[in-house]
file protein04.pdb (PDB, C-alpha atoms)
ATOM      1  CA  MET A   1     -27.351 -46.663 -12.484
ATOM      2  CA  ASP A   2     -24.004 -46.956 -14.257
ATOM      3  CA  ILE A   3     -24.834 -43.899 -16.400
ATOM      4  CA  PHE A   4     -25.788 -41.930 -13.309
ATOM      5  CA  PHE A   5     -22.420 -42.592 -11.655
ATOM      6  CA  ARG A   6     -20.579 -41.706 -14.848
ATOM      7  CA  LEU A   7     -22.431 -38.399 -15.079
ATOM      8  CA  TYR A   8     -21.789 -37.706 -11.396
ATOM      9  CA  PHE A   9     -18.087 -38.491 -11.855
ATOM     10  CA  LEU A  10     -17.863 -36.142 -14.844
ATOM     11  CA  PHE A  11     -19.637 -33.392 -12.887
ATOM     12  CA  CYS A  12     -17.196 -33.711  -9.977
ATOM     13  CA  LEU A  13     -14.233 -33.798 -12.337
ATOM     14  CA  ASN A  14     -15.405 -30.654 -14.139
ATOM     15  CA  PHE A  15     -16.000 -28.910 -10.809
ATOM     16  CA  ILE A  16     -12.459 -29.706  -9.633
ATOM     17  CA  VAL A  17     -11.015 -28.485 -12.932
ATOM     18  CA  LEU A  18     -12.953 -25.210 -12.688
ATOM     19  CA  ILE A  19     -11.757 -24.628  -9.126
ATOM     20  CA  ASN A  20      -8.140 -25.240 -10.145
ATOM     21  CA  ILE A  21      -8.524 -22.873 -13.092
ATOM     22  CA  GLU A  22      -9.859 -20.161 -10.782
ATOM     23  CA  ILE A  23      -6.923 -20.654  -8.403
ATOM     24  CA  ILE A  24      -4.417 -20.503 -11.266
ATOM     25  CA  MET A  25      -6.097 -17.427 -12.757
ATOM     26  CA  ALA A  26      -6.061 -15.686  -9.382
ATOM     27  CA  LYS A  27      -2.326 -16.282  -9.111
ATOM     28  CA  ILE A  28      -1.795 -15.048 -12.660
ATOM     29  CA  ASN A  29      -3.975 -11.974 -12.292
ATOM     30  CA  TYR A  30      -2.699 -10.798  -8.934
ATOM     31  CA  CYS A  31       1.044 -11.297  -9.316
ATOM     32  CA  ILE A  32       3.649  -8.542  -9.574
ATOM     33  CA  GLU A  33       4.013  -8.969 -13.334
ATOM     34  CA  ASN A  34       0.317  -8.181 -13.850
ATOM     35  CA  ILE A  35      -0.065  -5.525 -11.193
ATOM     36  CA  PHE A  36      -0.818  -2.830 -13.795
ATOM     37  CA  SER A  37      -3.661  -4.835 -15.376
ATOM     38  CA  GLN A  38      -7.310  -3.849 -15.242
ATOM     39  CA  ALA A  39      -8.079  -7.010 -13.264
ATOM     40  CA  SER A  40      -5.476  -6.080 -10.630
ATOM     41  CA  ARG A  41      -6.840  -2.546 -10.479
ATOM     42  CA  GLN A  42     -10.388  -3.716  -9.789
ATOM     43  CA  HIS A  43      -9.208  -6.349  -7.329
ATOM     44  CA  CYS A  44      -7.037  -3.835  -5.456
ATOM     45  CA  ILE A  45      -9.727  -1.212  -4.956
ATOM     46  CA  SER A  46     -12.354  -3.802  -4.050
ATOM     47  CA  LYS A  47     -10.104  -5.377  -1.412
ATOM     48  CA  LEU A  48      -8.890  -2.021  -0.143
ATOM     49  CA  LYS A  49     -12.439  -0.931   0.622
ATOM     50  CA  GLU A  50     -13.066  -4.168   2.529
ATOM     51  CA  ILE A  51     -10.228  -3.534   4.992
ATOM     52  CA  ARG A  52     -11.614  -2.533   8.352
ATOM     53  CA  VAL A  53      -9.832   0.408   9.876
ATOM     54  CA  PRO A  54     -10.576   2.351  13.093
ATOM     55  CA  LYS A  55     -12.387   5.607  12.392
ATOM     56  CA  TYR A  56     -12.580   6.919  15.938
ATOM     57  CA  ASN A  57     -10.182   7.619  18.780
ATOM     58  CA  LYS A  58     -10.377   6.025  22.238
ATOM     59  CA  ARG A  59     -13.022   8.560  23.265
ATOM     60  CA  GLY A  60     -15.257   7.552  20.382
ATOM     61  CA  LYS A  61     -14.791  10.820  18.506
ATOM     62  CA  ALA A  62     -13.951  11.098  14.831
ATOM     63  CA  PRO A  63     -10.925  13.264  13.919
ATOM     64  CA  GLU A  64     -11.975  16.789  12.963
ATOM     65  CA  ALA A  65      -9.326  17.384  10.278
ATOM     66  CA  SER A  66      -8.685  15.311   7.152
ATOM     67  CA  ALA A  67      -5.748  14.561   4.882
ATOM     68  CA  ALA A  68      -4.890  12.351   1.936
ATOM     69  CA  VAL A  69      -1.778  10.617   0.657
ATOM     70  CA  LEU A  70      -1.007   9.319  -2.796
ATOM     71  CA  VAL A  71       0.205   5.721  -2.995
ATOM     72  CA  PRO A  72       2.178   5.991  -6.253
ATOM     73  CA  LEU A  73       2.386   2.632  -7.984
ATOM     74  CA  CYS A  74       4.846   3.170 -10.806
ATOM     75  CA  ARG A  75       6.928   1.426 -13.405
ATOM     76  CA  TYR A  76      10.437   2.861 -13.024
ATOM     77  CA  ASP A  77      13.214   1.483 -15.243
ATOM     78  CA  CYS A  78      10.672  -1.175 -16.288
ATOM     79  CA  VAL A  79      10.344  -2.370 -12.663
ATOM     80  CA  PRO A  80       6.983  -2.277 -10.783
ATOM     81  CA  SER A  81       7.667  -0.108  -7.727
ATOM     82  CA  LEU A  82       6.222   2.185  -5.091
ATOM     83  CA  LEU A  83       7.431   5.779  -4.828
ATOM     84  CA  TYR A  84       8.296   7.339  -1.467
ATOM     85  CA  THR A  85       9.646  10.652  -0.250
ATOM     86  CA  VAL A  86      11.974  11.646   2.587
ATOM     87  CA  ARG A  87      10.574  14.683   4.347
ATOM     88  CA  SER A  88      12.834  17.722   4.576
ATOM     89  CA  SER A  89      14.714  18.339   7.817
ATOM     90  CA  ASN A  90      13.383  21.915   7.657
ATOM     91  CA  LEU A  91       9.831  20.822   8.420
ATOM     92  CA  ASN A  92       8.418  21.275  11.913
ATOM     93  CA  SER A  93       6.734  17.868  12.059
ATOM     94  CA  HIS A  94       7.882  14.399  10.974
ATOM     95  CA  SER A  95      11.097  15.844   9.497
ATOM     96  CA  GLY A  96      13.433  13.277   7.951
ATOM     97  CA  GLN A  97      10.768  10.583   7.913
ATOM     98  CA  ILE A  98       9.797   8.473   4.921
ATOM     99  CA  SER A  99       6.290   9.138   3.657
ATOM    100  CA  PHE A 100       4.013   9.108   0.658
ATOM    101  CA  PRO A 101       3.243  12.441  -1.028
ATOM    102  CA  GLY A 102       0.256  14.080   0.650
ATOM    103  CA  GLY A 103      -1.049  16.542   3.188
ATOM    104  CA  LYS A 104      -4.056  18.212   4.749
ATOM    105  CA  THR A 105      -7.260  18.656   2.802
ATOM    106  CA  ASP A 106      -8.255  22.169   1.813
ATOM    107  CA  ALA A 107     -11.878  23.323   2.051
ATOM    108  CA  ASP A 108     -14.257  21.418  -0.254
ATOM    109  CA  GLU A 109     -11.492  19.163  -1.605
ATOM    110  CA  THR A 110     -11.948  15.452  -2.183
ATOM    111  CA  PRO A 111      -9.188  13.066  -1.044
ATOM    112  CA  THR A 112      -8.180  12.584  -4.680
ATOM    113  CA  GLN A 113      -7.873  16.318  -5.275
ATOM    114  CA  THR A 114      -5.793  16.709  -2.124
ATOM    115  CA  ALA A 115      -3.445  13.857  -2.997
ATOM    116  CA  LEU A 116      -2.874  15.103  -6.545
ATOM    117  CA  ARG A 117      -2.363  18.721  -5.441
ATOM    118  CA  GLU A 118       0.100  17.800  -2.702
ATOM    119  CA  THR A 119       1.992  15.467  -5.019
ATOM    120  CA  LYS A 120       2.355  18.249  -7.564
ATOM    121  CA  GLU A 121       3.523  20.677  -4.866
ATOM    122  CA  GLU A 122       5.995  18.277  -3.253
ATOM    123  CA  ILE A 123       7.620  16.427  -6.149
ATOM    124  CA  GLY A 124       6.336  18.204  -9.257
ATOM    125  CA  LEU A 125       4.599  15.140 -10.686
ATOM    126  CA  SER A 126       1.760  16.328 -12.915
ATOM    127  CA  PRO A 127      -1.765  14.962 -12.277
ATOM    128  CA  ASP A 128      -1.889  14.202 -16.013
ATOM    129  CA  LYS A 129       0.741  11.507 -15.427
ATOM    130  CA  ILE A 130      -1.292   9.812 -12.691
ATOM    131  CA  ASP A 131      -4.098   7.335 -13.340
ATOM    132  CA  VAL A 132      -6.140   7.357 -10.131
ATOM    133  CA  TRP A 133      -7.434   3.891  -9.293
ATOM    134  CA  GLY A 134      -9.533   4.829  -6.294
ATOM    135  CA  VAL A 135      -9.609   5.785  -2.614
ATOM    136  CA  GLY A 136      -9.289   3.467   0.372
ATOM    137  CA  GLN A 137     -10.911   3.743   3.783
ATOM    138  CA  GLY A 138      -9.728   6.712   5.833
ATOM    139  CA  PHE A 139      -8.005   5.999   9.142
ATOM    140  CA  PRO A 140      -6.929   8.186  12.097
ATOM    141  CA  GLY A 141      -3.387   9.516  12.245
ATOM    142  CA  ARG A 142      -1.070   8.792  15.150
ATOM    143  CA  ASP A 143      -2.408  11.632  17.281
ATOM    144  CA  ASN A 144      -6.055  10.805  16.414
ATOM    145  CA  LYS A 145      -6.573  14.388  15.301
ATOM    146  CA  ILE A 146      -6.666  13.814  11.558
ATOM    147  CA  LEU A 147      -8.341  11.271   9.249
ATOM    148  CA  ILE A 148      -6.021  10.108   6.444
ATOM    149  CA  SER A 149      -7.336   8.700   3.154
ATOM    150  CA  PRO A 150      -5.022   6.642   0.889
ATOM    151  CA  VAL A 151      -5.435   7.375  -2.827
ATOM    152  CA  ILE A 152      -4.032   4.753  -5.179
ATOM    153  CA  GLY A 153      -2.444   6.271  -8.272
ATOM    154  CA  CYS A 154      -0.666   4.553 -11.136
ATOM    155  CA  ILE A 155       2.205   6.008 -13.173
ATOM    156  CA  GLN A 156       2.826   3.593 -16.029
ATOM    157  CA  ASP A 157       6.247   4.893 -17.077
ATOM    158  CA  LEU A 158       7.870   7.140 -14.491
ATOM    159  CA  LYS A 159      10.974   9.017 -15.593
ATOM    160  CA  GLN A 160      13.363  11.181 -13.621
ATOM    161  CA  GLU A 161      12.415  14.212 -15.706
ATOM    162  CA  ASP A 162       8.794  13.866 -14.551
ATOM    163  CA  LEU A 163       9.865  15.030 -11.091
ATOM    164  CA  ILE A 164      10.643  18.541  -9.878
ATOM    165  CA  VAL A 165      11.374  18.126  -6.172
ATOM    166  CA  ASN A 166      10.410  20.946  -3.808
ATOM    167  CA  HIS A 167      13.363  20.751  -1.423
ATOM    168  CA  LYS A 168      11.619  22.974   1.119
ATOM    169  CA  GLU A 169       9.327  20.026   1.783
ATOM    170  CA  VAL A 170      11.109  16.970   0.382
ATOM    171  CA  ALA A 171      14.746  15.968   0.858
ATOM    172  CA  GLU A 172      14.685  12.961  -1.457
ATOM    173  CA  VAL A 173      12.433  10.895  -3.740
ATOM    174  CA  PHE A 174      13.090   7.181  -4.231
ATOM    175  CA  THR A 175      11.336   4.059  -5.470
ATOM    176  CA  VAL A 176      11.286   0.553  -4.021
ATOM    177  CA  PRO A 177      10.585  -2.443  -6.282
ATOM    178  CA  ILE A 178       7.460  -4.351  -5.281
ATOM    179  CA  ASP A 179       9.384  -7.627  -5.097
ATOM    180  CA  ILE A 180      11.690  -6.163  -2.430
ATOM    181  CA  LEU A 181       8.678  -5.135  -0.325
ATOM    182  CA  CYS A 182       7.224  -8.640  -0.768
ATOM    183  CA  ASN A 183      10.430 -10.376   0.304
ATOM    184  CA  PRO A 184       9.912 -11.723   3.874
ATOM    185  CA  GLU A 185      13.566 -10.979   4.651
ATOM    186  CA  ASN A 186      12.715  -7.266   4.420
ATOM    187  CA  GLN A 187       9.572  -7.420   6.585
ATOM    188  CA  PHE A 188       9.502  -6.704  10.310
ATOM    189  CA  HIS A 189       7.201  -5.268  12.948
ATOM    190  CA  THR A 190       7.663  -2.871  15.815
ATOM    191  CA  GLN A 191       5.581  -2.023  18.876
ATOM    192  CA  PHE A 192       5.012   1.517  20.062
ATOM    193  CA  ARG A 193       4.597   2.680  23.645
ATOM    194  CA  ASN A 194       0.836   2.945  23.188
ATOM    195  CA  GLY A 195       0.735  -0.768  22.346
ATOM    196  CA  PHE A 196       0.166  -0.429  18.604
ATOM    197  CA  ILE A 197       2.017  -2.926  16.437
ATOM    198  CA  LEU A 198       2.825  -1.833  12.890
ATOM    199  CA  PRO A 199       4.901  -3.252  10.035
ATOM    200  CA  VAL A 200       8.365  -2.123   9.073
ATOM    201  CA  PHE A 201       9.869  -2.598   5.596
ATOM    202  CA  ILE A 202      13.613  -2.293   5.074
ATOM    203  CA  ALA A 203      14.864  -1.598   1.549
ATOM    204  CA  ASN A 204      18.610  -0.994   1.368
ATOM    205  CA  GLN A 205      19.280   2.088   3.537
ATOM    206  CA  TYR A 206      15.601   3.015   3.774
ATOM    207  CA  LYS A 207      13.468   2.031   6.763
ATOM    208  CA  ILE A 208       9.760   2.427   6.070
ATOM    209  CA  TRP A 209       7.758   2.460   9.294
ATOM    210  CA  GLY A 210       4.717   3.983  10.988
ATOM    211  CA  LEU A 211       1.605   4.877   9.011
ATOM    212  CA  THR A 212       3.551   4.826   5.736
ATOM    213  CA  ALA A 213       4.416   1.169   6.340
ATOM    214  CA  TYR A 214       0.806   0.487   7.329
ATOM    215  CA  VAL A 215      -0.493   1.986   4.075
ATOM    216  CA  THR A 216       2.153   0.034   2.155
ATOM    217  CA  HIS A 217       0.905  -3.150   3.812
ATOM    218  CA  MET A 218      -2.709  -2.260   3.028
ATOM    219  CA  PHE A 219      -1.871  -1.738  -0.634
ATOM    220  CA  LEU A 220       0.195  -4.917  -1.024
ATOM    221  CA  SER A 221      -2.495  -6.978   0.719
ATOM    222  CA  SER A 222      -5.131  -5.589  -1.629
ATOM    223  CA  ALA A 223      -3.214  -5.673  -4.909
ATOM    224  CA  LEU A 224      -1.475  -9.039  -4.670
ATOM    225  CA  SER A 225      -2.482 -12.603  -3.871
ATOM    226  CA  ARG A 226      -1.351 -14.103  -0.581
ATOM    227  CA  ASP A 227       1.170 -16.401  -2.210
ATOM    228  CA  VAL A 228       2.957 -13.296  -3.564
ATOM    229  CA  TYR A 229       2.704 -10.994  -0.539
ATOM    230  CA  LYS A 230       2.825 -13.477   2.331
ATOM    231  CA  ASN A 231       2.420 -10.819   5.018
ATOM    232  CA  ASP A 232       5.201 -12.256   7.181
ATOM    233  CA  TRP A 233       6.105  -9.069   9.034
ATOM    234  CA  MET A 234       4.661 -10.287  12.357
ATOM    235  CA  LYS A 235       7.290 -13.036  12.526
ATOM    236  CA  LYS A 236      10.227 -10.697  13.173
ATOM    237  CA  LYS A 237      10.385  -7.783  15.573
ATOM    238  CA  ILE A 238      12.694  -4.813  15.229
ATOM    239  CA  GLU A 239      13.291  -2.397  18.088
ATOM    240  CA  LEU A 240      12.275   1.240  17.712
ATOM    241  CA  ALA A 241      15.859   2.429  18.113
ATOM    242  CA  ASN A 242      16.908   0.326  15.129
ATOM    243  CA  VAL A 243      14.254   1.985  13.003
ATOM    244  CA  GLY A 244      15.579   5.419  13.923
ATOM    245  CA  ILE A 245      12.767   6.393  16.292
ATOM    246  CA  GLU A 246      13.929   8.117  19.444
ATOM    247  CA  LYS A 247      10.560   8.570  21.102
ATOM    248  CA  LEU A 248       6.859   8.682  20.375
TER     249      LEU A 248
END

call {"tool": "encode", "arguments": {"input": "protein04.pdb", "output": "structure tokens"}}
result
Amino acid sequence: MDIFFRLYFLFCLNFIVLINIEIIMAKINYCIENIFSQASRQHCISKLKEIRVPKYNKRGKAPEASAAVLVPLCRYDCVPSLLYTVRSSNLNSHSGQISFPGGKTDADETPTQTALRETKEEIGLSPDKIDVWGVGQGFPGRDNKILISPVIGCIQDLKQEDLIVNHKEVAEVFTVPIDILCNPENQFHTQFRNGFILPVFIANQYKIWGLTAYVTHMFLSSALSRDVYKNDWMKKKIELANVGIEKL
């Protein structure tokens, strides 16, 4: 009987040790420092595909058009960051807003092909520089007329000379370090007139809101463990006027 209890005690002890090792490894694998690792890549795409997103509008109809955006995870000046663009004031829609590179899908294009083509057209970043991790679930745009697919792309060593900005479409290109996006002090939420609540990230003078902030949240939730990206944006509300939105 004494031997049995000793064996049982050793089994329980080993089980506890294994669980703690798994927890520690998860924190190591899915932290900002290891975000470019193969383990983080697989974890990110797996989690991204698990996120449930609405595919239909209120009438139960799927959007007829499709689009794709590139979520450019990059190492800029040795700092893990996300790349964003400011849309040109010359554009007819969403001018001056912060967005990811992307646009409408041409005939017979995959989301990846669309995202890479639009990125090349908008900021001159060659597809050869981009390691595509995978594609997340598509979700309807704000007007429910277009289905948008996020494409995760990694640029290991982004340099200024890699970019040739098309100023007809893009006013500015900038990067935001991942740790700034993960800082709860920079996380807010706002509520639109239609009732939708979406995150807002503030990085210096840049206010990232709308679907771009939603995709940012989706990526951070998928790529990082919850102790790193705590997802605290629901705790603080920011009014639409303070985000620079006049009306929707």

call {"tool": "resolve_selection", "arguments": {"input": "protein04.pdb", "expression": "the PyMOL selection byres ((chain A and resi 226-231) around 12)", "output": "number ranges by chain"}}
result
A: 23-24, 26-35, 178-189, 198-201, 214, 216-225, 232-236

call {"tool": "closest_residue", "arguments": {"input": "protein04.pdb", "among": "A:Ile123, A:Ile155, A:Val132, A:Ile45", "to": "A:Ser88", "atoms": "all atoms listed in the file"}}
result
A:Ile123

call {"tool": "atom_distance", "arguments": {"input": "protein04.pdb", "atom1": "atom CA of A:Lys49", "atom2": "atom CA of A:Val173"}}
result
27.9 Å

call {"tool": "atom_distance", "arguments": {"input": "protein04.pdb", "atom1": "atom CA of A:Gln191", "atom2": "atom CA of A:Thr212"}}
result
15.0 Å

call {"tool": "resolve_selection", "arguments": {"input": "protein04.pdb", "expression": "the PyMOL selection byres ((chain A and resi 107-118) around 10)", "output": "VMD selection string"}}
result
chain A and resid 66 to 71 100 to 106 119 to 128 130 132 to 136 138 148 to 153

call {"tool": "write_last_selection", "arguments": {"input": "protein04.pdb", "atoms": "C-alpha atoms", "output": "PDB file, in the frame of the given file"}}
result
ATOM      1  CA  SER A  66      -8.685  15.311   7.152  1.00  0.00           C
ATOM      2  CA  ALA A  67      -5.748  14.561   4.882  1.00  0.00           C
ATOM      3  CA  ALA A  68      -4.890  12.351   1.936  1.00  0.00           C
ATOM      4  CA  VAL A  69      -1.778  10.617   0.657  1.00  0.00           C
ATOM      5  CA  LEU A  70      -1.007   9.319  -2.796  1.00  0.00           C
ATOM      6  CA  VAL A  71       0.205   5.721  -2.995  1.00  0.00           C
ATOM      7  CA  PHE A 100       4.013   9.108   0.658  1.00  0.00           C
ATOM      8  CA  PRO A 101       3.243  12.441  -1.028  1.00  0.00           C
ATOM      9  CA  GLY A 102       0.256  14.080   0.650  1.00  0.00           C
ATOM     10  CA  GLY A 103      -1.049  16.542   3.188  1.00  0.00           C
ATOM     11  CA  LYS A 104      -4.056  18.212   4.749  1.00  0.00           C
ATOM     12  CA  THR A 105      -7.260  18.656   2.802  1.00  0.00           C
ATOM     13  CA  ASP A 106      -8.255  22.169   1.813  1.00  0.00           C
ATOM     14  CA  THR A 119       1.992  15.467  -5.019  1.00  0.00           C
ATOM     15  CA  LYS A 120       2.355  18.249  -7.564  1.00  0.00           C
ATOM     16  CA  GLU A 121       3.523  20.677  -4.866  1.00  0.00           C
ATOM     17  CA  GLU A 122       5.995  18.277  -3.253  1.00  0.00           C
ATOM     18  CA  ILE A 123       7.620  16.427  -6.149  1.00  0.00           C
ATOM     19  CA  GLY A 124       6.336  18.204  -9.257  1.00  0.00           C
ATOM     20  CA  LEU A 125       4.599  15.140 -10.686  1.00  0.00           C
ATOM     21  CA  SER A 126       1.760  16.328 -12.915  1.00  0.00           C
ATOM     22  CA  PRO A 127      -1.765  14.962 -12.277  1.00  0.00           C
ATOM     23  CA  ASP A 128      -1.889  14.202 -16.013  1.00  0.00           C
ATOM     24  CA  ILE A 130      -1.292   9.812 -12.691  1.00  0.00           C
ATOM     25  CA  VAL A 132      -6.140   7.357 -10.131  1.00  0.00           C
ATOM     26  CA  TRP A 133      -7.434   3.891  -9.293  1.00  0.00           C
ATOM     27  CA  GLY A 134      -9.533   4.829  -6.294  1.00  0.00           C
ATOM     28  CA  VAL A 135      -9.609   5.785  -2.614  1.00  0.00           C
ATOM     29  CA  GLY A 136      -9.289   3.467   0.372  1.00  0.00           C
ATOM     30  CA  GLY A 138      -9.728   6.712   5.833  1.00  0.00           C
ATOM     31  CA  ILE A 148      -6.021  10.108   6.444  1.00  0.00           C
ATOM     32  CA  SER A 149      -7.336   8.700   3.154  1.00  0.00           C
ATOM     33  CA  PRO A 150      -5.022   6.642   0.889  1.00  0.00           C
ATOM     34  CA  VAL A 151      -5.435   7.375  -2.827  1.00  0.00           C
ATOM     35  CA  ILE A 152      -4.032   4.753  -5.179  1.00  0.00           C
ATOM     36  CA  GLY A 153      -2.444   6.271  -8.272  1.00  0.00           C
TER      37      GLY A 153
END

call {"tool": "closest_residue", "arguments": {"input": "protein04.pdb", "among": "A:Lys61, A:Lys207, A:Arg193, A:Lys159", "to": "A:Thr85", "atoms": "only C-alpha atoms"}}
result
A:Lys207

call {"tool": "decode", "arguments": {"input": "protein04.pdb", "residues": "stretch 136-157 of chain A", "atoms": "N, CA, C and O atoms", "output": "mmCIF file, in the first residue's frame"}}
result
data_model
loop_
_atom_site.group_PDB
_atom_site.id
_atom_site.type_symbol
_atom_site.label_atom_id
_atom_site.label_comp_id
_atom_site.auth_asym_id
_atom_site.auth_seq_id
_atom_site.Cartn_x
_atom_site.Cartn_y
_atom_site.Cartn_z
ATOM 1 N N GLY A 136 -6.898 34.810 -42.747
ATOM 2 C CA GLY A 136 -7.922 34.661 -41.719
ATOM 3 C C GLY A 136 -9.325 34.628 -42.317
ATOM 4 O O GLY A 136 -9.508 34.751 -43.526
ATOM 5 N N GLN A 137 -10.305 34.458 -41.449
ATOM 6 C CA GLN A 137 -11.698 34.422 -41.880
ATOM 7 C C GLN A 137 -12.100 35.782 -42.443
ATOM 8 O O GLN A 137 -11.783 36.828 -41.871
ATOM 9 N N GLY A 138 -12.805 35.771 -43.576
ATOM 10 C CA GLY A 138 -13.325 37.008 -44.134
ATOM 11 C C GLY A 138 -14.481 37.542 -43.302
ATOM 12 O O GLY A 138 -15.210 36.781 -42.659
ATOM 13 N N PHE A 139 -14.657 38.852 -43.304
ATOM 14 C CA PHE A 139 -15.744 39.466 -42.541
ATOM 15 C C PHE A 139 -16.311 40.627 -43.346
ATOM 16 O O PHE A 139 -15.603 41.237 -44.157
ATOM 17 N N PRO A 140 -17.594 40.958 -43.159
ATOM 18 C CA PRO A 140 -18.214 42.039 -43.940
ATOM 19 C C PRO A 140 -17.650 43.396 -43.575
ATOM 20 O O PRO A 140 -17.328 43.659 -42.418
ATOM 21 N N GLY A 141 -17.528 44.270 -44.576
ATOM 22 C CA GLY A 141 -17.135 45.649 -44.323
ATOM 23 C C GLY A 141 -18.259 46.420 -43.674
ATOM 24 O O GLY A 141 -19.367 45.892 -43.460
ATOM 25 N N ARG A 142 -18.003 47.699 -43.398
ATOM 26 C CA ARG A 142 -18.963 48.501 -42.635
ATOM 27 C C ARG A 142 -20.306 48.618 -43.326
ATOM 28 O O ARG A 142 -21.357 48.645 -42.680
ATOM 29 N N ASP A 143 -20.317 48.666 -44.645
ATOM 30 C CA ASP A 143 -21.573 48.811 -45.371
ATOM 31 C C ASP A 143 -22.192 47.474 -45.759
ATOM 32 O O ASP A 143 -23.214 47.428 -46.444
ATOM 33 N N ASN A 144 -21.561 46.365 -45.315
ATOM 34 C CA ASN A 144 -22.045 45.009 -45.601
ATOM 35 C C ASN A 144 -22.097 44.682 -47.088
ATOM 36 O O ASN A 144 -22.793 43.751 -47.493
ATOM 37 N N LYS A 145 -21.359 45.420 -47.886
ATOM 38 C CA LYS A 145 -21.376 45.178 -49.325
ATOM 39 C C LYS A 145 -20.126 44.459 -49.817
ATOM 40 O O LYS A 145 -20.033 44.106 -50.985
ATOM 41 N N ILE A 146 -19.156 44.274 -48.926
ATOM 42 C CA ILE A 146 -17.898 43.679 -49.348
ATOM 43 C C ILE A 146 -17.359 42.775 -48.240
ATOM 44 O O ILE A 146 -17.489 43.088 -47.053
ATOM 45 N N LEU A 147 -16.808 41.633 -48.612
ATOM 46 C CA LEU A 147 -16.229 40.684 -47.660
ATOM 47 C C LEU A 147 -14.708 40.866 -47.668
ATOM 48 O O LEU A 147 -14.064 40.735 -48.710
ATOM 49 N N ILE A 148 -14.141 41.177 -46.500
ATOM 50 C CA ILE A 148 -12.719 41.503 -46.389
ATOM 51 C C ILE A 148 -11.958 40.353 -45.735
ATOM 52 O O ILE A 148 -12.327 39.903 -44.647
ATOM 53 N N SER A 149 -10.888 39.898 -46.388
ATOM 54 C CA SER A 149 -10.064 38.822 -45.845
ATOM 55 C C SER A 149 -8.719 39.377 -45.382
ATOM 56 O O SER A 149 -8.020 40.030 -46.156
ATOM 57 N N PRO A 150 -8.331 39.131 -44.109
ATOM 58 C CA PRO A 150 -7.014 39.565 -43.639
ATOM 59 C C PRO A 150 -5.942 38.545 -44.005
ATOM 60 O O PRO A 150 -6.094 37.352 -43.760
ATOM 61 N N VAL A 151 -4.867 39.014 -44.608
ATOM 62 C CA VAL A 151 -3.743 38.154 -44.988
ATOM 63 C C VAL A 151 -2.551 38.540 -44.116
ATOM 64 O O VAL A 151 -2.121 39.699 -44.130
ATOM 65 N N ILE A 152 -2.040 37.601 -43.359
ATOM 66 C CA ILE A 152 -0.915 37.890 -42.477
ATOM 67 C C ILE A 152 0.381 37.710 -43.258
ATOM 68 O O ILE A 152 0.636 36.655 -43.828
ATOM 69 N N GLY A 153 1.197 38.764 -43.291
ATOM 70 C CA GLY A 153 2.464 38.709 -43.996
ATOM 71 C C GLY A 153 3.595 39.198 -43.115
ATOM 72 O O GLY A 153 3.437 40.162 -42.359
ATOM 73 N N CYS A 154 4.731 38.542 -43.188
ATOM 74 C CA CYS A 154 5.860 38.864 -42.334
ATOM 75 C C CYS A 154 7.009 39.441 -43.159
ATOM 76 O O CYS A 154 7.395 38.865 -44.184
ATOM 77 N N ILE A 155 7.535 40.569 -42.713
ATOM 78 C CA ILE A 155 8.724 41.173 -43.324
ATOM 79 C C ILE A 155 9.802 41.192 -42.249
ATOM 80 O O ILE A 155 9.750 41.994 -41.306
ATOM 81 N N GLN A 156 10.765 40.296 -42.354
ATOM 82 C CA GLN A 156 11.727 40.095 -41.278
ATOM 83 C C GLN A 156 12.581 41.329 -40.995
ATOM 84 O O GLN A 156 12.880 41.630 -39.848
ATOM 85 N N ASP A 157 12.982 42.041 -42.022
ATOM 86 C CA ASP A 157 13.877 43.186 -41.838
ATOM 87 C C ASP A 157 13.458 44.300 -42.794
ATOM 88 O O ASP A 157 14.020 44.452 -43.875
#
